[in-house]
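Listing of model_36.txt, compact mmCIF, C-alpha atoms
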# COMPACT_ATOMS: atom_id res chain seq x y z
CA MET A 1 59.33 -1.30 -0.77
CA ILE A 2 55.67 -1.35 -1.68
CA GLY A 3 55.10 -4.96 -0.57
CA PRO A 4 56.47 -4.66 2.99
CA SER A 5 54.57 -1.43 3.62
CA LYS A 6 51.34 -3.11 2.58
CA ASP A 7 52.10 -6.02 4.89
CA LYS A 8 52.74 -3.66 7.79
CA ALA A 9 49.49 -1.79 7.10
CA GLY A 10 47.61 -5.05 6.95
CA ALA A 11 49.18 -6.24 10.17
CA ALA A 12 48.32 -2.97 11.87
CA ASP A 13 44.71 -3.26 10.74
CA THR A 14 44.60 -6.81 12.01
CA LEU A 15 46.03 -5.88 15.41
CA THR A 16 43.79 -2.84 15.83
CA GLY A 17 40.69 -4.55 14.51
CA GLY A 18 40.35 -1.85 11.84
CA PRO A 19 38.60 -2.45 8.52
CA ARG A 20 40.49 -3.67 5.48
CA ARG A 21 39.47 -3.51 1.86
CA GLY A 22 38.20 -6.79 0.54
CA ARG A 23 37.40 -7.97 4.01
CA VAL A 24 34.10 -9.87 4.27
CA ARG A 25 31.70 -8.44 6.78
CA VAL A 26 30.33 -11.21 9.00
CA ARG A 27 26.92 -10.77 10.59
CA GLY A 28 26.14 -12.55 13.82
CA GLU A 29 28.35 -14.12 16.41
CA ARG A 30 30.87 -16.84 15.93
CA GLY A 31 29.40 -20.23 16.64
CA GLY A 32 25.84 -19.42 15.51
CA ALA A 33 22.94 -17.50 16.95
CA PRO A 34 22.44 -17.67 20.72
CA LEU A 35 19.62 -19.97 21.78
CA PRO A 36 17.63 -17.28 23.69
CA LEU A 37 17.33 -15.36 20.43
CA LEU A 38 17.00 -18.26 18.02
CA VAL A 39 14.02 -19.92 19.71
CA PRO A 40 11.68 -16.89 19.81
CA ALA A 41 12.80 -15.95 16.29
CA LEU A 42 11.76 -19.36 14.98
CA ILE A 43 8.49 -19.17 16.91
CA GLY A 44 7.79 -15.78 15.35
CA LEU A 45 8.57 -17.10 11.89
CA ALA A 46 6.27 -20.09 12.40
CA PHE A 47 3.53 -17.83 13.74
CA LEU A 48 3.59 -15.77 10.54
CA VAL A 49 4.15 -18.55 8.01
CA LEU A 50 2.08 -21.41 9.43
CA PRO A 51 -1.37 -19.91 8.64
CA LEU A 52 -0.33 -19.33 5.04
CA VAL A 53 1.01 -22.88 4.75
CA ALA A 54 -2.23 -24.21 6.25
CA LEU A 55 -4.18 -22.27 3.64
CA LEU A 56 -2.18 -23.94 0.89
CA ILE A 57 -2.55 -27.39 2.47
CA ARG A 58 -6.31 -27.13 2.89
CA ALA A 59 -6.90 -25.60 -0.54
CA PRO A 60 -9.31 -27.59 -2.77
CA TRP A 61 -6.90 -27.78 -5.69
CA ARG A 62 -9.02 -30.21 -7.74
CA SER A 63 -12.13 -28.07 -7.60
CA MET A 64 -10.24 -24.79 -7.81
CA PRO A 65 -11.03 -24.11 -11.51
CA ASP A 66 -14.75 -24.63 -10.95
CA LEU A 67 -14.77 -22.46 -7.85
CA LEU A 68 -12.89 -19.59 -9.45
CA THR A 69 -15.05 -19.63 -12.59
CA SER A 70 -18.39 -19.58 -10.78
CA SER A 71 -20.54 -16.54 -11.48
CA GLU A 72 -20.48 -15.25 -7.88
CA VAL A 73 -16.70 -15.48 -7.58
CA TRP A 74 -16.15 -13.97 -11.01
CA GLN A 75 -18.47 -11.07 -10.21
CA ALA A 76 -16.62 -10.35 -6.98
CA LEU A 77 -13.25 -10.62 -8.72
CA GLN A 78 -14.22 -8.27 -11.54
CA LEU A 79 -15.73 -5.75 -9.14
CA SER A 80 -12.68 -5.87 -6.89
CA LEU A 81 -10.26 -5.27 -9.75
CA LEU A 82 -12.40 -2.47 -11.16
CA CYS A 83 -12.90 -0.68 -7.84
CA ALA A 84 -9.28 -1.09 -6.72
CA THR A 85 -8.05 0.35 -10.02
CA ALA A 86 -10.50 3.26 -9.83
CA ALA A 87 -9.54 3.95 -6.20
CA THR A 88 -5.86 3.97 -7.19
CA ALA A 89 -6.60 6.41 -10.02
CA VAL A 90 -8.42 8.71 -7.59
CA SER A 91 -5.51 8.44 -5.17
CA LEU A 92 -3.05 9.38 -7.91
CA VAL A 93 -5.03 12.41 -9.03
CA ILE A 94 -5.39 13.94 -5.58
CA GLY A 95 -2.67 12.13 -3.62
CA VAL A 96 0.38 13.13 -5.69
CA PRO A 97 -0.38 16.90 -5.41
CA LEU A 98 -1.00 16.42 -1.69
CA ALA A 99 2.37 14.68 -1.31
CA TRP A 100 4.04 17.53 -3.22
CA LEU A 101 2.37 20.06 -0.92
CA LEU A 102 3.63 18.28 2.19
CA ALA A 103 7.15 17.85 0.81
CA ARG A 104 7.76 21.18 -0.90
CA VAL A 105 5.60 23.89 0.73
CA GLU A 106 6.20 25.31 4.19
CA PHE A 107 2.96 26.35 5.89
CA PRO A 108 1.67 26.56 9.46
CA GLY A 109 0.33 23.28 10.76
CA ARG A 110 2.05 21.10 8.18
CA GLY A 111 2.85 18.48 10.81
CA LEU A 112 -0.80 18.33 11.83
CA VAL A 113 -1.88 17.98 8.20
CA ARG A 114 0.60 15.14 7.70
CA ALA A 115 -0.73 13.40 10.81
CA LEU A 116 -4.31 13.71 9.53
CA VAL A 117 -3.30 12.35 6.13
CA THR A 118 -1.69 9.28 7.68
CA LEU A 119 -4.49 8.75 10.21
CA PRO A 120 -6.36 6.19 8.04
CA LEU A 121 -3.30 3.94 8.33
CA VAL A 122 -3.97 3.36 12.02
CA LEU A 123 -7.69 4.09 12.13
CA PRO A 124 -9.86 0.94 12.40
CA PRO A 125 -11.44 0.46 8.95
CA VAL A 126 -14.94 0.18 10.42
CA VAL A 127 -14.47 3.56 12.09
CA GLY A 128 -13.38 4.92 8.73
CA GLY A 129 -16.60 3.59 7.20
CA VAL A 130 -18.70 5.22 9.90
CA ALA A 131 -16.84 8.50 9.37
CA LEU A 132 -17.54 8.30 5.63
CA LEU A 133 -21.22 7.75 6.35
CA MET A 134 -21.30 10.81 8.60
CA ALA A 135 -19.61 12.89 5.93
CA LEU A 136 -20.93 11.52 2.63
CA GLY A 137 -24.10 9.70 3.64
CA ARG A 138 -27.49 10.89 2.46
CA ASN A 139 -27.85 12.90 5.68
CA GLY A 140 -24.13 13.53 6.08
CA VAL A 141 -22.32 16.82 6.39
CA VAL A 142 -21.49 16.92 2.66
CA GLY A 143 -23.66 14.07 1.41
CA ARG A 144 -26.93 15.95 1.91
CA TRP A 145 -25.71 18.68 -0.44
CA LEU A 146 -24.56 16.13 -3.01
CA ASP A 147 -28.00 14.56 -2.91
CA ASP A 148 -29.96 17.82 -3.03
CA TRP A 149 -27.88 19.66 -5.64
CA PHE A 150 -26.62 16.87 -7.91
CA GLY A 151 -28.72 13.84 -7.02
CA VAL A 152 -25.56 11.91 -6.12
CA THR A 153 -25.82 9.19 -3.49
CA LEU A 154 -22.61 7.38 -2.61
CA PRO A 155 -23.43 4.90 0.20
CA PHE A 156 -24.32 1.36 -0.86
CA THR A 157 -23.23 1.95 -4.46
CA THR A 158 -20.23 0.88 -6.53
CA ALA A 159 -18.98 4.47 -6.38
CA GLY A 160 -19.17 4.17 -2.59
CA VAL A 161 -16.83 1.16 -2.77
CA VAL A 162 -14.33 3.26 -4.71
CA VAL A 163 -14.57 6.09 -2.18
CA ALA A 164 -14.09 3.75 0.79
CA GLU A 165 -11.11 2.04 -0.81
CA ALA A 166 -9.50 5.34 -1.80
CA PHE A 167 -9.94 6.63 1.76
CA VAL A 168 -7.93 3.78 3.26
CA ALA A 169 -5.43 3.34 0.40
CA MET A 170 -4.40 6.88 -0.50
CA PRO A 171 -2.14 7.41 2.57
CA PHE A 172 0.15 4.65 1.28
CA LEU A 173 0.60 6.57 -1.95
CA VAL A 174 1.07 9.93 -0.21
CA ILE A 175 3.74 8.58 2.14
CA SER A 176 5.66 6.91 -0.68
CA VAL A 177 5.56 9.95 -2.98
CA GLU A 178 6.38 12.41 -0.20
CA GLY A 179 9.43 10.37 0.77
CA THR A 180 10.59 10.28 -2.84
CA LEU A 181 10.06 14.03 -3.19
CA ARG A 182 12.10 14.74 -0.06
CA ALA A 183 14.92 12.61 -1.44
CA ALA A 184 14.83 14.36 -4.84
CA ASP A 185 16.98 17.47 -5.30
CA PRO A 186 14.70 20.55 -5.50
CA ARG A 187 17.40 22.47 -7.40
CA TYR A 188 16.24 20.86 -10.64
CA GLU A 189 12.84 22.47 -10.21
CA GLU A 190 14.45 25.78 -9.29
CA ALA A 191 16.65 25.64 -12.39
CA ALA A 192 13.61 25.02 -14.57
CA THR A 193 11.78 28.00 -13.08
CA THR A 194 14.79 30.28 -13.62
CA LEU A 195 14.72 29.27 -17.29
CA GLY A 196 11.17 30.53 -17.60
CA ALA A 197 9.07 27.48 -16.76
CA SER A 198 6.10 27.89 -14.46
CA ARG A 199 5.93 25.92 -11.21
CA PHE A 200 3.36 23.57 -12.71
CA THR A 201 5.44 23.05 -15.87
CA ALA A 202 8.51 22.34 -13.74
CA PHE A 203 6.52 19.85 -11.71
CA ARG A 204 5.14 18.15 -14.83
CA ARG A 205 8.30 18.11 -16.94
CA VAL A 206 11.02 17.81 -14.29
CA THR A 207 9.69 16.57 -10.97
CA LEU A 208 7.31 13.86 -12.17
CA PRO A 209 9.98 11.99 -14.19
CA LEU A 210 12.32 12.15 -11.19
CA ILE A 211 9.80 10.69 -8.74
CA ALA A 212 8.17 8.22 -11.16
CA PRO A 213 9.57 5.14 -9.32
CA GLY A 214 8.15 6.40 -6.02
CA ILE A 215 4.78 7.08 -7.63
CA ALA A 216 4.73 3.60 -9.14
CA ALA A 217 5.61 1.97 -5.82
CA GLY A 218 2.98 4.00 -3.98
CA ALA A 219 0.36 3.20 -6.62
CA VAL A 220 1.02 -0.52 -6.34
CA LEU A 221 0.77 -0.40 -2.55
CA ALA A 222 -2.43 1.64 -2.74
CA TRP A 223 -3.93 -0.77 -5.27
CA ALA A 224 -3.11 -3.79 -3.13
CA ARG A 225 -4.54 -2.10 -0.03
CA ALA A 226 -7.70 -1.15 -1.90
CA LEU A 227 -8.09 -4.69 -3.22
CA GLY A 228 -8.01 -6.11 0.30
CA GLU A 229 -10.21 -3.50 1.99
CA PHE A 230 -13.08 -4.93 4.04
CA GLY A 231 -14.20 -2.88 7.06
CA ALA A 232 -14.77 0.54 5.50
CA THR A 233 -16.34 -1.04 2.41
CA ILE A 234 -18.94 -3.13 4.21
CA THR A 235 -19.79 -0.21 6.53
CA PHE A 236 -20.09 2.50 3.88
CA ALA A 237 -21.08 0.50 0.76
CA GLY A 238 -22.72 -2.65 2.11
CA ASN A 239 -22.47 -6.17 0.74
CA PHE A 240 -24.65 -6.44 -2.36
CA PRO A 241 -23.59 -9.09 -4.92
CA GLY A 242 -22.69 -7.60 -8.26
CA ARG A 243 -22.78 -4.03 -6.95
CA THR A 244 -20.67 -3.68 -3.79
CA GLN A 245 -19.54 -7.21 -2.92
CA THR A 246 -15.78 -7.23 -3.42
CA MET A 247 -13.52 -10.24 -2.93
CA PRO A 248 -12.88 -9.74 0.82
CA LEU A 249 -16.63 -9.47 1.38
CA ALA A 250 -17.19 -12.57 -0.78
CA VAL A 251 -14.62 -14.44 1.33
CA TYR A 252 -16.45 -13.46 4.51
CA LEU A 253 -19.80 -14.55 3.10
CA ALA A 254 -18.47 -17.76 1.55
CA LEU A 255 -16.81 -18.78 4.80
CA GLN A 256 -20.26 -19.22 6.31
CA ASN A 257 -21.81 -21.16 3.43
CA ASP A 258 -19.02 -22.57 1.24
CA PRO A 259 -15.61 -22.79 2.98
CA GLU A 260 -13.93 -24.18 -0.13
CA ALA A 261 -14.92 -21.11 -2.12
CA ALA A 262 -13.63 -18.92 0.71
CA ILE A 263 -10.26 -20.70 0.57
CA ALA A 264 -10.11 -20.32 -3.21
CA LEU A 265 -10.79 -16.59 -3.01
CA SER A 266 -8.27 -16.23 -0.19
CA LEU A 267 -5.64 -17.89 -2.35
CA VAL A 268 -6.31 -15.37 -5.12
CA LEU A 269 -5.78 -12.49 -2.68
CA LEU A 270 -2.67 -14.22 -1.33
CA ALA A 271 -1.28 -14.55 -4.85
CA VAL A 272 -1.91 -10.85 -5.47
CA SER A 273 -0.12 -9.92 -2.25
CA ILE A 274 2.89 -12.06 -3.16
CA ALA A 275 2.98 -10.50 -6.63
CA VAL A 276 2.96 -7.01 -5.08
CA LEU A 277 5.84 -7.87 -2.74
CA ALA A 278 7.77 -9.44 -5.61
CA GLY A 279 7.28 -6.33 -7.70
CA LEU A 280 8.50 -4.09 -4.87
CA ARG A 281 11.38 -6.28 -3.73
CA ASP A 282 14.08 -3.93 -5.05
CA ARG A 283 12.57 -0.99 -3.14
CA TRP A 284 11.30 -2.51 0.11
CA MET A 285 12.80 -6.00 0.54
CA THR A 286 16.53 -5.51 0.10
CA ALA A 287 19.02 -4.73 2.82
CA SER A 288 22.28 -2.87 2.34
Rewrite the structure of this file - the entire thing - as structure tokens.
Amino acid sequence: MIGPSKDKAGAADTLTGGPRRGRVRVRGERGGAPLPLLVPALIGLAFLVLPLVALLIRAPWRSMPDLLTSSEVWQALQLSLLCATAATAVSLVIGVPLAWLLARVEFPGRGLVRALVTLPLVLPPVVGGVALLMALGRNGVVGRWLDDWFGVTLPFTTAGVVVAEAFVAMPFLVISVEGTLRAADPRYEEAATTLGASRFTAFRRVTLPLIAPGIAAGAVLAWARALGEFGATITFAGNFPGRTQTMPLAVYLALQNDPEAAIALSLVLLAVSIAVLAGLRDRWMTAS
């Protein structure tokens, strides 16, 4: 009795086009992709991949070790890694609380605040550098007080590089952490507070472990963005070898004098970008 009923149910599903368990879901149309879609798709793929392939083809592989171990390249590499790491640390310290504020606290104008936080994502980096100069320059709105009261000057210094990179990279961290916070169940925090924990203790002992993957993903994205920052850095911090010349600035300068060194540095940045995408593949590069 069980067998025939299953056959009838299966036949009914087949006739009605309904889903069946164990049935393989087929994506696309039978007979392959239609030509009007396939051709522009392949053109788009070639448009994105061809420049990267050309970079690999034209790379001076034989002289690569000498180029990457030269003093100028090594200085730029060290400075880039140091400043990107410092900018990520700054973003973590002030970006995670900001993400918590946007995700957990209701206040007037929250949408406007979120828009302002994400503005550096779409703002031209050079404009961001000019804005930093107007705010933190020696004659800036805040910079004049930093100079008069504390003797702190940020433009055209290594600290200025960190500030510029944090300005453009922190929104990536805030967006990632805010999304993770919104997905996390706030009842765990509420349960901790009912048991006597303060809001900060609940955040530190309960919320942070829950959102640790989102923080890690946001930190990696922020670090990669800071490593590749060019426009805000050269506008706010300048291009001084050993002090403010990061790898993107070294690529720009080397392209005018030593194209092979520019290609070598570009390959290093390309390798870093691939490593970041590989590390985030489970979060960003998988489809259900």
Selection near Ile211 (chain A), 10 Å with only C-alpha atoms, sequence-local residues under 4 positions removed, as a list in words
Ser176, Val177, Glu178, Gly179, Thr180, Leu181, Arg182, Ala183, Ala184, Val206, Thr207, Ile215 and Ala216 of chain A
Within 12 Å of Phe236 (chain A), counting all atoms listed in the file, which residues qualify if same-chain residues fewer than 6 places away don't, as a ChimeraX atom specification?
/A:125-138,140,153-165,167,229-230,244-245
Check the smallest atom-to-atom distance from each of A:Ser273, A:Gln256, A:Asn139, A:Thr246 to Gln75 (chain A) using all atoms listed in the file, then report the winner.
A:Thr246
Might you pull out every residue within 7 Å of region 85-94 of chain A, with all atoms listed in the file counted and same-chain residues fewer than 4 positions away left off, and present them as a list in words?
Leu81, Leu98, Val162, Val163, Glu165, Ala166, Met170, Ala219, Ala222, Trp223 and Ala226 of chain A
Got time to write the residues from that selection, C-alpha atoms, as a PDB file, keeping the file's coordinate frame?
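The file below, again_17.pdb, is the result:
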ATOM      1  CA  LEU A  81     -10.260  -5.270  -9.750  1.00  0.00           C
ATOM      2  CA  LEU A  98      -1.000  16.420  -1.690  1.00  0.00           C
ATOM      3  CA  VAL A 162     -14.330   3.260  -4.710  1.00  0.00           C
ATOM      4  CA  VAL A 163     -14.570   6.090  -2.180  1.00  0.00           C
ATOM      5  CA  GLU A 165     -11.110   2.040  -0.810  1.00  0.00           C
ATOM      6  CA  ALA A 166      -9.500   5.340  -1.800  1.00  0.00           C
ATOM      7  CA  MET A 170      -4.400   6.880  -0.500  1.00  0.00           C
ATOM      8  CA  ALA A 219       0.360   3.200  -6.620  1.00  0.00           C
ATOM      9  CA  ALA A 222      -2.430   1.640  -2.740  1.00  0.00           C
ATOM     10  CA  TRP A 223      -3.930  -0.770  -5.270  1.00  0.00           C
ATOM     11  CA  ALA A 226      -7.700  -1.150  -1.900  1.00  0.00           C
TER      12      ALA A 226
END
CA of Leu227 (chain A) to CA of Met64 (chain A): how many Å, to one decimal?
20.7 Å
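Among the candidate residues A:Ala202, A:Ala261, A:Val220, A:Leu102, the one lying nearest to Trp74 (chain A) is A:Ala261, with distances computed using only C-alpha atoms.
With distances taken over all atoms listed in the file, A:Pro65 is the one residue among A:Pro97, A:Pro108, A:Pro65, A:Pro124 lying closest to Leu265 (chain A).
One distance worth recording is that between CA of Pro259 (chain A) and CA of Val53 (chain A), which is 16.7 Å.
For the pair CA of Ala169 (chain A) and CA of Leu121 (chain A), the separation is 8.2 Å.
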For region 112-120 of chain A, find every residue with an atom within 7 Å (counting all atoms listed in the file), except residues of its own chain fewer than 2 positions away, and show them as a PyMOL selection string.
chain A and resi 109-110+122-123+168+171
Pick out the residues sitting within 10 Å of Leu267 (chain A), and hand them over as a PyMOL selection string; count all atoms listed in the file, and ignore anything fewer than 4 positions along from it in its own chain.
chain A and resi 52+55-56+59+64+261-263+271-273
Reconstructed region 251-277 of chain A, atom set N, CA, C and O atoms, as a short mmCIF file (atom, residue, chain, number, x, y, z; two decimals), in the coordinates of the input:
data_model
loop_
_atom_site.label_atom_id
_atom_site.label_comp_id
_atom_site.auth_asym_id
_atom_site.auth_seq_id
_atom_site.Cartn_x
_atom_site.Cartn_y
_atom_site.Cartn_z
N VAL A 251 -15.29 -13.45 0.47
CA VAL A 251 -14.62 -14.44 1.33
C VAL A 251 -15.37 -14.57 2.65
O VAL A 251 -15.61 -15.68 3.15
N TYR A 252 -15.73 -13.44 3.23
CA TYR A 252 -16.45 -13.46 4.51
C TYR A 252 -17.78 -14.18 4.38
O TYR A 252 -18.16 -14.98 5.24
N LEU A 253 -18.50 -13.91 3.30
CA LEU A 253 -19.80 -14.55 3.10
C LEU A 253 -19.64 -16.03 2.78
O LEU A 253 -20.39 -16.87 3.29
N ALA A 254 -18.66 -16.37 1.94
CA ALA A 254 -18.47 -17.76 1.55
C ALA A 254 -17.99 -18.61 2.71
O ALA A 254 -18.26 -19.82 2.75
N LEU A 255 -17.30 -18.02 3.66
CA LEU A 255 -16.81 -18.78 4.80
C LEU A 255 -17.95 -19.36 5.63
O LEU A 255 -17.79 -20.39 6.29
N GLN A 256 -19.11 -18.73 5.56
CA GLN A 256 -20.26 -19.22 6.31
C GLN A 256 -21.03 -20.29 5.55
O GLN A 256 -21.65 -21.15 6.18
N ASN A 257 -21.00 -20.24 4.22
CA ASN A 257 -21.81 -21.16 3.43
C ASN A 257 -20.98 -22.16 2.62
O ASN A 257 -21.40 -23.30 2.46
N ASP A 258 -19.84 -21.72 2.10
CA ASP A 258 -19.02 -22.57 1.24
C ASP A 258 -17.55 -22.33 1.57
O ASP A 258 -16.89 -21.51 0.92
N PRO A 259 -17.00 -23.03 2.57
CA PRO A 259 -15.61 -22.79 2.98
C PRO A 259 -14.60 -23.01 1.87
O PRO A 259 -13.58 -22.31 1.82
N GLU A 260 -14.87 -23.94 0.96
CA GLU A 260 -13.93 -24.18 -0.13
C GLU A 260 -13.83 -22.96 -1.04
O GLU A 260 -12.75 -22.59 -1.49
N ALA A 261 -14.95 -22.33 -1.31
CA ALA A 261 -14.92 -21.11 -2.12
C ALA A 261 -14.18 -19.99 -1.39
O ALA A 261 -13.45 -19.20 -2.01
N ALA A 262 -14.35 -19.93 -0.08
CA ALA A 262 -13.63 -18.92 0.71
C ALA A 262 -12.12 -19.14 0.62
O ALA A 262 -11.35 -18.18 0.49
N ILE A 263 -11.69 -20.40 0.68
CA ILE A 263 -10.26 -20.70 0.57
C ILE A 263 -9.75 -20.34 -0.81
O ILE A 263 -8.66 -19.77 -0.97
N ALA A 264 -10.54 -20.63 -1.84
CA ALA A 264 -10.11 -20.32 -3.21
C ALA A 264 -9.94 -18.81 -3.40
O ALA A 264 -8.95 -18.35 -3.97
N LEU A 265 -10.90 -18.04 -2.91
CA LEU A 265 -10.79 -16.59 -3.01
C LEU A 265 -9.62 -16.06 -2.18
O LEU A 265 -8.92 -15.13 -2.60
N SER A 266 -9.39 -16.66 -1.02
CA SER A 266 -8.27 -16.23 -0.19
C SER A 266 -6.95 -16.49 -0.89
O SER A 266 -6.01 -15.68 -0.80
N LEU A 267 -6.87 -17.59 -1.62
CA LEU A 267 -5.64 -17.89 -2.35
C LEU A 267 -5.40 -16.86 -3.46
O LEU A 267 -4.25 -16.50 -3.75
N VAL A 268 -6.47 -16.41 -4.08
CA VAL A 268 -6.31 -15.37 -5.12
C VAL A 268 -5.74 -14.10 -4.50
O VAL A 268 -4.80 -13.49 -5.03
N LEU A 269 -6.29 -13.68 -3.36
CA LEU A 269 -5.78 -12.49 -2.68
C LEU A 269 -4.34 -12.70 -2.20
O LEU A 269 -3.52 -11.77 -2.24
N LEU A 270 -4.04 -13.92 -1.75
CA LEU A 270 -2.67 -14.22 -1.33
C LEU A 270 -1.71 -14.12 -2.51
O LEU A 270 -0.61 -13.57 -2.37
N ALA A 271 -2.12 -14.63 -3.66
CA ALA A 271 -1.28 -14.55 -4.85
C ALA A 271 -1.04 -13.10 -5.26
O ALA A 271 0.08 -12.72 -5.65
N VAL A 272 -2.07 -12.28 -5.15
CA VAL A 272 -1.91 -10.85 -5.47
C VAL A 272 -0.92 -10.19 -4.52
O VAL A 272 -0.06 -9.41 -4.93
N SER A 273 -1.03 -10.51 -3.24
CA SER A 273 -0.12 -9.92 -2.25
C SER A 273 1.33 -10.33 -2.52
O SER A 273 2.25 -9.50 -2.43
N ILE A 274 1.53 -11.59 -2.85
CA ILE A 274 2.89 -12.06 -3.16
C ILE A 274 3.42 -11.36 -4.40
O ILE A 274 4.59 -10.97 -4.47
N ALA A 275 2.55 -11.19 -5.40
CA ALA A 275 2.98 -10.50 -6.63
C ALA A 275 3.37 -9.06 -6.33
O ALA A 275 4.35 -8.53 -6.90
N VAL A 276 2.63 -8.39 -5.44
CA VAL A 276 2.96 -7.01 -5.08
C VAL A 276 4.32 -6.95 -4.38
O VAL A 276 5.17 -6.11 -4.70
N LEU A 277 4.55 -7.86 -3.44
CA LEU A 277 5.84 -7.87 -2.74
C LEU A 277 6.98 -8.20 -3.69
O LEU A 277 8.07 -7.63 -3.59
#
